[in-house]
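**Student:** Quick one: this structure, given as structure tokens, is what I'll be asking you about.
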Amino acid sequence: MEEDFDPFVAEWVSFVKNPNFNLVEKCLKFAQILEYPDLNVEEYIKKINEIGMSLKESLSDVKNPTYLISMLNEHLFENLGFSGDDNDYYNPKNNFLNEVIDKKVGLPITISILYAEIAKFIGLELKIVGFPSHVLVKYNEEMILDPFYDGRLLDVDDLQEILDTNFGGELEFQPEFLDEISSEQILIRLTRNLKNSYVQSFVYDKALRCVNMVLAIEPESPEDIRDKGILEERLLHPEIALKYLNKYLEINPNAEDVDFILELIRSIKTKN
């Protein structure tokens, strides 16, 4: 079975690679391609501008970053009611910036994207940090903030606690976890998040599209090659599934899930 060309994936890649669009525009395009074909990107950019300008107009002339961050937090989280979505974390809608703006809840990554964008209106250049399992932002190496939890300031113990919660105590904090990530890396992480949300919801065709979107940018990513194989099997495309599962074993022969993948390959061959 040959793989079909997906014009949505092609459009997405051209948008990701285009330097004329900023991160917010790319996130809204991401939503438009995957779930909201009638989405008016300009309308949501206008909504973000209104949030940013109303914050800017409420400030005094004080310019120190601690004050500015305090006012940013008050504006977004207290006055406007934005928050992280602890109640329905895996809802796929939490990955879409338009939904976050409308419903005022989202994931660490989407809340952080909005937070960093609004900060620009008051002269704060915040950097998005690819912390494992929980995206954060930083002003500098001493000022690490968690927009998912109302912009709270984090110390090393807090960071280790996040890792312990998500990795069962098996991952020690390292300074490089606080490195800034590029727009392309943010978009890839957003796409993988959405893939996981779709898998949780058993929407395998949309999860597969997300995997294809990542592989179009990172064609040798072992995690996504494996997931493509697994999803193709669930969508009853055994030949494509075997191709990708075998490729995964070739490039990652010592992976922890080798036994599972070998068993899946055996199962596919037995059925077919």
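By order of appearance in the structure tokens: chains A, B, ..., then residues from 1 within every chain, and ligands from 1 in the order shown.
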As a PyMOL selection string, please: every residue in stretch 64-150 of chain A that DSSP puts in strand (DSSP E).

**Tutor:** chain A and resi 83-84+105-106+127-129+136-140+143-146

**Student:** Contacts between stretch 254-265 of chain A and stretch 198-246 of chain A, please, where a residue of stretch 198-246 of chain A counts if it comes within 9 Å (with only C-alpha atoms); show its shortest atom pair and distance in Å to one decimal, rows by chain and ascending number, as a tab-separated table.

**Tutor:**
```
residue	atom	partner	partner_atom	distance
A:Arg226	CA	A:Ile261	CA	8.4
A:Ile230	CA	A:Leu264	CA	8.2
A:Glu233	CA	A:Leu264	CA	8.8
A:Ala241	CA	A:Ile265	CA	8.4
A:Leu242	CA	A:Ile265	CA	6.4
A:Leu245	CA	A:Ile261	CA	6.9
A:Asn246	CA	A:Ile265	CA	8.0
```

**Student:** So which one's closest to A:Lys93, A:Thr66, A:Asn140, A:Ser14, A:Thr110? Using only C-alpha atoms, please.

**Tutor:**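 Once distances to A:Lys93 are computed over only C-alpha atoms, the minimum belongs to A:Thr110.
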
**Student:** Give one line per residue of stretch 26-132 of chain A that approaches stretch 144-161 of chain A to at most 6 Å, naming the two atoms of the closest pair and their distance in Å to one decimal, counting only C-alpha atoms; sort by chain then ascending residue number and deliver it as a tab-separated table.

**Tutor:**
```
residue	atom	partner	partner_atom	distance
A:Asn73	CA	A:Gly151	CA	5.9
A:Phe77	CA	A:Asp150	CA	5.8
A:Gly84	CA	A:Phe148	CA	4.4
A:Pro108	CA	A:Phe148	CA	4.9
A:Ser112	CA	A:Pro147	CA	5.6
```

**Student:** What are the nearest atom pairs, with distances in Å to one decimal, for all residues of stretch 80-153 of chain A that come at most 12 Å from stretch 175-188 of chain A, using only C-alpha atoms, set out by chain and rising residue number as a tab-separated table?

**Tutor:**
```
residue	atom	partner	partner_atom	distance
A:Asn95	CA	A:Leu187	CA	10.4
A:Phe96	CA	A:Leu187	CA	11.2
A:Leu97	CA	A:Leu187	CA	11.8
A:Pro108	CA	A:Ile186	CA	11.5
A:Ile109	CA	A:Ile186	CA	8.0
A:Thr110	CA	A:Ile186	CA	9.7
A:Ser112	CA	A:Ile186	CA	10.5
A:Ile113	CA	A:Ile186	CA	9.0
A:Leu126	CA	A:Glu180	CA	9.7
A:Lys127	CA	A:Glu180	CA	5.9
A:Ile128	CA	A:Glu180	CA	5.6
A:Val129	CA	A:Glu180	CA	4.5
A:Gly130	CA	A:Ile181	CA	5.7
A:Phe131	CA	A:Phe177	CA	5.0
A:Pro132	CA	A:Phe177	CA	6.8
A:Ser133	CA	A:Phe177	CA	10.4
A:His134	CA	A:Phe177	CA	10.4
A:Val135	CA	A:Ile186	CA	9.2
A:Leu136	CA	A:Leu178	CA	8.2
A:Val137	CA	A:Glu180	CA	8.3
A:Lys138	CA	A:Leu178	CA	8.1
A:Tyr139	CA	A:Glu180	CA	10.6
A:Asn140	CA	A:Leu178	CA	9.9
A:Glu141	CA	A:Leu178	CA	8.0
A:Glu142	CA	A:Leu178	CA	10.5
A:Met143	CA	A:Leu178	CA	10.8
A:Ile144	CA	A:Leu178	CA	8.4
A:Leu145	CA	A:Leu178	CA	10.8
```

**Student:** Just N, CA, C and O atoms for this one: save the residues we selected as a CSV table (one decimal), in the first residue's frame.

**Tutor:**
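What ended up in again_31.csv:
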```csv
chain,number,residue,atom,x,y,z
A,95,ASN,N,-4.5,22.4,22.8
A,95,ASN,CA,-3.3,22.6,22.0
A,95,ASN,C,-3.5,23.7,21.0
A,95,ASN,O,-2.5,24.0,20.3
A,96,PHE,N,-4.7,24.2,20.9
A,96,PHE,CA,-5.0,25.2,19.9
A,96,PHE,C,-5.1,26.6,20.5
A,96,PHE,O,-5.9,26.8,21.4
A,97,LEU,N,-4.3,27.6,20.0
A,97,LEU,CA,-4.2,28.9,20.6
A,97,LEU,C,-5.6,29.6,20.5
A,97,LEU,O,-5.9,30.4,21.4
A,108,PRO,N,0.6,23.8,29.5
A,108,PRO,CA,1.8,24.6,29.7
A,108,PRO,C,2.4,25.2,28.5
A,108,PRO,O,2.7,26.4,28.5
A,109,ILE,N,2.4,24.5,27.4
A,109,ILE,CA,3.0,25.1,26.1
A,109,ILE,C,2.1,26.2,25.5
A,109,ILE,O,2.6,27.2,25.1
A,110,THR,N,0.8,26.0,25.5
A,110,THR,CA,0.0,27.0,24.8
A,110,THR,C,-0.2,28.3,25.7
A,110,THR,O,-0.2,29.4,25.3
A,112,SER,N,2.1,29.2,27.8
A,112,SER,CA,3.4,29.9,27.8
A,112,SER,C,3.6,30.7,26.5
A,112,SER,O,4.2,31.8,26.5
A,113,ILE,N,3.1,30.2,25.4
A,113,ILE,CA,3.2,30.9,24.1
A,113,ILE,C,2.4,32.3,24.2
A,113,ILE,O,2.9,33.3,23.9
A,126,LEU,N,10.5,37.5,27.2
A,126,LEU,CA,10.6,36.2,27.8
A,126,LEU,C,10.9,35.1,26.8
A,126,LEU,O,10.4,35.1,25.7
A,127,LYS,N,11.7,34.1,27.3
A,127,LYS,CA,12.1,33.0,26.4
A,127,LYS,C,11.3,31.8,26.8
A,127,LYS,O,11.2,31.5,28.0
A,128,ILE,N,10.8,31.0,25.8
A,128,ILE,CA,10.1,29.8,26.1
A,128,ILE,C,11.1,28.7,26.3
A,128,ILE,O,12.1,28.5,25.5
A,129,VAL,N,11.0,27.9,27.3
A,129,VAL,CA,11.9,26.9,27.8
A,129,VAL,C,11.4,25.5,27.6
A,129,VAL,O,10.2,25.2,28.0
A,130,GLY,N,12.1,24.6,26.9
A,130,GLY,CA,11.7,23.3,26.6
A,130,GLY,C,11.9,22.3,27.8
A,130,GLY,O,12.4,21.2,27.6
A,131,PHE,N,11.4,22.7,29.0
A,131,PHE,CA,11.6,21.8,30.2
A,131,PHE,C,10.9,20.5,29.9
A,131,PHE,O,9.8,20.5,29.4
A,132,PRO,N,11.5,19.4,30.3
A,132,PRO,CA,10.9,18.1,30.1
A,132,PRO,C,9.5,18.0,30.7
A,132,PRO,O,9.3,18.3,31.8
A,133,SER,N,8.5,17.7,29.8
A,133,SER,CA,7.1,17.4,30.2
A,133,SER,C,6.3,18.6,30.6
A,133,SER,O,5.1,18.5,30.9
A,134,HIS,N,6.9,19.8,30.7
A,134,HIS,CA,6.2,21.0,31.2
A,134,HIS,C,6.9,22.2,30.8
A,134,HIS,O,7.9,22.7,31.4
A,135,VAL,N,6.4,22.8,29.7
A,135,VAL,CA,7.0,24.0,29.1
A,135,VAL,C,6.9,25.2,30.1
A,135,VAL,O,5.9,25.4,30.7
A,136,LEU,N,8.0,25.9,30.2
A,136,LEU,CA,8.1,27.1,31.1
A,136,LEU,C,8.6,28.3,30.3
A,136,LEU,O,8.9,28.2,29.1
A,137,VAL,N,8.7,29.4,31.0
A,137,VAL,CA,9.3,30.6,30.4
A,137,VAL,C,10.4,31.2,31.4
A,137,VAL,O,10.3,30.9,32.6
A,138,LYS,N,11.3,31.9,30.8
A,138,LYS,CA,12.3,32.5,31.7
A,138,LYS,C,12.6,34.0,31.2
A,138,LYS,O,12.5,34.3,30.0
A,139,TYR,N,12.9,34.8,32.2
A,139,TYR,CA,13.3,36.2,31.9
A,139,TYR,C,14.9,36.1,31.9
A,139,TYR,O,15.5,36.7,31.0
A,140,ASN,N,15.5,35.5,32.8
A,140,ASN,CA,16.9,35.2,32.8
A,140,ASN,C,17.1,33.9,33.6
A,140,ASN,O,16.1,33.2,33.9
A,141,GLU,N,18.3,33.5,33.8
A,141,GLU,CA,18.6,32.2,34.5
A,141,GLU,C,18.1,32.1,35.9
A,141,GLU,O,17.9,31.0,36.4
A,142,GLU,N,17.9,33.3,36.5
A,142,GLU,CA,17.4,33.3,37.9
A,142,GLU,C,15.9,33.4,38.0
A,142,GLU,O,15.3,33.1,39.0
A,143,MET,N,15.3,33.8,36.9
A,143,MET,CA,13.8,34.1,37.0
A,143,MET,C,13.1,33.1,36.0
A,143,MET,O,12.9,33.4,34.8
A,144,ILE,N,12.7,32.0,36.5
A,144,ILE,CA,12.0,30.9,35.8
A,144,ILE,C,10.5,31.0,36.2
A,144,ILE,O,10.2,30.9,37.4
A,145,LEU,N,9.6,31.0,35.3
A,145,LEU,CA,8.2,31.2,35.6
A,145,LEU,C,7.4,30.1,35.0
A,145,LEU,O,7.7,29.6,33.9
```

**Student:** Could you pull out the helix (DSSP H, G or I) residues of stretch 179-267 of chain A, going by DSSP on the backbone, and write them as a PyMOL selection string?

**Tutor:** chain A and resi 183-200+204-217+222-234+238-251+258-267

**Student:** I need the residues from that last selection saved to file as a JSON list (two decimals), in the first residue's frame (with C-alpha atoms), if you can.

**Tutor:**
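Full text of out.json as output:
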```json
[["chain", "number", "residue", "atom", "x", "y", "z"],
["A", 183, "SER", "CA", 9.87, 28.34, 17.19],
["A", 184, "GLU", "CA", 10.29, 25.19, 15.11],
["A", 185, "GLN", "CA", 10.98, 23.10, 18.23],
["A", 186, "ILE", "CA", 7.95, 24.63, 19.94],
["A", 187, "LEU", "CA", 5.73, 23.72, 17.00],
["A", 188, "ILE", "CA", 7.09, 20.16, 16.90],
["A", 189, "ARG", "CA", 6.43, 19.78, 20.62],
["A", 190, "LEU", "CA", 2.93, 21.19, 20.16],
["A", 191, "THR", "CA", 2.28, 18.68, 17.37],
["A", 192, "ARG", "CA", 3.49, 15.77, 19.51],
["A", 193, "ASN", "CA", 1.30, 16.95, 22.39],
["A", 194, "LEU", "CA", -1.69, 16.97, 20.09],
["A", 195, "LYS", "CA", -0.81, 13.51, 18.78],
["A", 196, "ASN", "CA", -0.86, 12.23, 22.38],
["A", 197, "SER", "CA", -4.22, 13.90, 23.01],
["A", 198, "TYR", "CA", -5.71, 12.32, 19.89],
["A", 199, "VAL", "CA", -4.35, 8.90, 20.89],
["A", 200, "GLN", "CA", -5.92, 9.31, 24.35],
["A", 204, "TYR", "CA", -6.01, 7.64, 15.34],
["A", 205, "ASP", "CA", -6.37, 9.24, 11.90],
["A", 206, "LYS", "CA", -5.73, 12.72, 13.31],
["A", 207, "ALA", "CA", -2.93, 11.39, 15.52],
["A", 208, "LEU", "CA", -1.31, 9.96, 12.38],
["A", 209, "ARG", "CA", -1.55, 13.30, 10.62],
["A", 210, "CYS", "CA", 0.30, 14.88, 13.56],
["A", 211, "VAL", "CA", 3.05, 12.24, 13.30],
["A", 212, "ASN", "CA", 3.34, 12.90, 9.57],
["A", 213, "MET", "CA", 3.63, 16.63, 10.27],
["A", 214, "VAL", "CA", 6.57, 16.02, 12.61],
["A", 215, "LEU", "CA", 8.26, 13.53, 10.28],
["A", 216, "ALA", "CA", 8.03, 16.03, 7.43],
["A", 217, "ILE", "CA", 10.30, 18.28, 9.51],
["A", 222, "PRO", "CA", 12.86, 7.53, 16.23],
["A", 223, "GLU", "CA", 9.89, 8.32, 18.48],
["A", 224, "ASP", "CA", 7.76, 9.47, 15.56],
["A", 225, "ILE", "CA", 8.85, 6.67, 13.22],
["A", 226, "ARG", "CA", 7.75, 4.21, 15.92],
["A", 227, "ASP", "CA", 4.46, 6.00, 16.53],
["A", 228, "LYS", "CA", 3.71, 6.11, 12.82],
["A", 229, "GLY", "CA", 4.16, 2.34, 12.68],
["A", 230, "ILE", "CA", 1.88, 1.80, 15.67],
["A", 231, "LEU", "CA", -0.82, 4.12, 14.32],
["A", 232, "GLU", "CA", -0.70, 2.63, 10.82],
["A", 233, "GLU", "CA", -1.29, -0.78, 12.42],
["A", 234, "ARG", "CA", -4.29, 0.56, 14.33],
["A", 238, "PRO", "CA", -0.13, -3.47, 7.81],
["A", 239, "GLU", "CA", 2.46, -2.93, 5.06],
["A", 240, "ILE", "CA", 3.17, 0.67, 6.03],
["A", 241, "ALA", "CA", 3.14, -0.30, 9.72],
["A", 242, "LEU", "CA", 5.80, -2.97, 9.17],
["A", 243, "LYS", "CA", 7.94, -0.59, 7.14],
["A", 244, "TYR", "CA", 8.08, 1.97, 9.96],
["A", 245, "LEU", "CA", 8.32, -0.48, 12.85],
["A", 246, "ASN", "CA", 11.28, -2.20, 11.18],
["A", 247, "LYS", "CA", 12.89, 1.16, 10.46],
["A", 248, "TYR", "CA", 12.50, 2.05, 14.15],
["A", 249, "LEU", "CA", 14.34, -1.11, 15.18],
["A", 250, "GLU", "CA", 17.10, -0.40, 12.65],
["A", 251, "ILE", "CA", 17.84, 3.07, 13.98],
["A", 258, "VAL", "CA", 12.09, -3.38, 21.60],
["A", 259, "ASP", "CA", 10.18, -6.39, 22.97],
["A", 260, "PHE", "CA", 6.84, -4.63, 22.50],
["A", 261, "ILE", "CA", 7.70, -3.61, 18.93],
["A", 262, "LEU", "CA", 8.92, -7.11, 18.02],
["A", 263, "GLU", "CA", 5.70, -8.59, 19.37],
["A", 264, "LEU", "CA", 3.65, -6.07, 17.38],
["A", 265, "ILE", "CA", 5.56, -6.98, 14.20],
["A", 266, "ARG", "CA", 4.93, -10.69, 14.84],
["A", 267, "SER", "CA", 1.25, -10.00, 15.43]]
```

**Student:** Using only C-alpha atoms, pick whichever of A:Ile48, A:Tyr89, A:Lys29, A:Asp6 has the shortest atom-to-atom distance to A:Ala119.

**Tutor:**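 The closest residue to A:Ala119 is A:Ile48.
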
**Student:** Can you tell me which residues surround A:Leu76 at a distance of at most 10 Å, considering only C-alpha atoms, apart from same-chain residues fewer than 4 positions away, and format the answer as a PyMOL selection string?

**Tutor:** chain A and resi 51-52+55+71-72+80-83+104+114-115+118+147+150-151

**Student:** Under the rule that only C-alpha atoms are counted, which of A:Val41, A:Val100, A:Ile33, A:Leu124 is the nearest residue to A:Val13?

**Tutor:**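 Checking each candidate against A:Val13, we get A:Ile33 as the closest.
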